[in-house]
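**Student:** Okay, here's the structure, questions in a sec.
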Amino acid sequence: MNGDPSRLARAIGHRFQRLPLLSQALTHRSAAAENNERLEFLGDALLGFVIAEALWGRFPDADEGRLSRLRATLVKKASLARVARGLELGDYLSLGAGELRTGGHARDSILADAMEAVFAAVFLDRGFDAAREVILSLFREPLDRVVAQGATKDPKTRLQERLQAEKRPLPAYDVLDVSGSQHDQSFLVRC
């Protein structure tokens, strides 16, 4: 770990009563047996709920499908990694030798997982209201952007809805190519 965790705590606007929780949230499984995996699990649930609640309040006329799409645009690996990079979270991570050699401190999946673990650490340290405050503070700009733009549906959904509106049959899809790592794949599909 390169950075002082108390500096990160100040950056997220939380004063930890139990700083070891933050240290655990920043510890990858490659570095120690006591790591951030369980905290990540809890943080993921917290983040999903807090963002869902915020969207519920900001989009009073949206149906469940639209709210789910809005939440999905915010609560995903790339969004979490972007927030983590803004905090320079990678500088605070404790990684094993292999992850250090392969640039784990900059990998989206590791950053996103650690960000979720930090949310859980805040929750365990000071409760739900503190975690909610930190999450909403860090997601203020992304939330505002989603509210300003609204959520666009993915291309497949838009195509299917258009075809249904025109009373045409739904298309068949063929996967032509799969590329990328197992956790960050891209698909080339023919419709």
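Naming works like this for the structure tokens: A, B, ... for the chains as they're shown, residue 1 at the start of each chain, ligands 1 onward in shown order.
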Would you list the contacts of stretch 111-113 of chain A as a PyMOL selection string, taking every protein, DNA or RNA residue within 12 Å and counting only C-alpha atoms, but skipping same-chain residues closer than 4 positions in sequence?

**Tutor:** chain A and resi 25-29+35-44+47+74-95+103-107+117-120

**Student:** Any chance you could tabulate, as a tab-separated table, the residues of stretch 28-51 of chain A at most 10 Å from stretch 55-68 of chain A with each one's nearest atom pair and distance in Å to one decimal, using only C-alpha atoms, in chain and rising number order?

**Tutor:**
```
residue	atom	partner	partner_atom	distance
A:Phe49	CA	A:Leu55	CA	9.9
A:Val50	CA	A:Leu55	CA	8.7
A:Ile51	CA	A:Leu55	CA	6.1
```

**Student:** Store the residues picked out above, limited to C-alpha atoms, as a PDB file, in the first residue's frame.

**Tutor:**
```
ATOM      1  CA  PHE A  49     -29.821   0.239  -2.874  1.00  0.00           C
ATOM      2  CA  VAL A  50     -28.598   3.813  -2.432  1.00  0.00           C
ATOM      3  CA  ILE A  51     -28.520   4.446  -6.179  1.00  0.00           C
TER       4      ILE A  51
END
```

**Student:** Name the residues of stretch 44-122 of chain A that come out as helix (DSSP H, G or I) in a backbone DSSP run; write them as a PyMOL selection string.

**Tutor:** chain A and resi 44-58+64-74+77-86+89-92+97-101+104-106+108-122

**Student:** I'd like the interatomic distance between atom CA of A:Leu46 and atom CA of A:Leu136, to a tenth of an Å.

**Tutor:**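 So the two atoms, atom CA of A:Leu46 and atom CA of A:Leu136, lie 11.3 Å apart.
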
**Student:** Calculate how many Å separate atom CA of A:Pro5 from atom CA of A:Ser23, rounding to one decimal.

**Tutor:**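 Pair atom CA of A:Pro5 / atom CA of A:Ser23 returns 6.6 Å.
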
**Student:** Ranking A:Ser179, A:Ala165, A:Ala121, A:Ala97 by minimum distance to A:Pro20 and counting only C-alpha atoms, which one comes first?

**Tutor:**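 Counting only C-alpha atoms, the residue closest to A:Pro20 is A:Ala121.
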
**Student:** Considering only C-alpha atoms, state which residue in the set A:Arg71, A:Arg18, A:Lys156, A:Arg10 is at the smallest distance from A:Leu143.

**Tutor:**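 Comparing A:Arg71, A:Arg18, A:Lys156, A:Arg10 against A:Leu143, the winner is A:Arg71.
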
**Student:** Would you kindly return, as a PyMOL selection string, each protein, DNA or RNA residue with an atom no farther than 9 Å from any atom of stretch 168-176 of chain A, considering only C-alpha atoms and excluding same-chain residues fewer than 4 positions away?

**Tutor:** chain A and resi 159-160+162-164+187-191
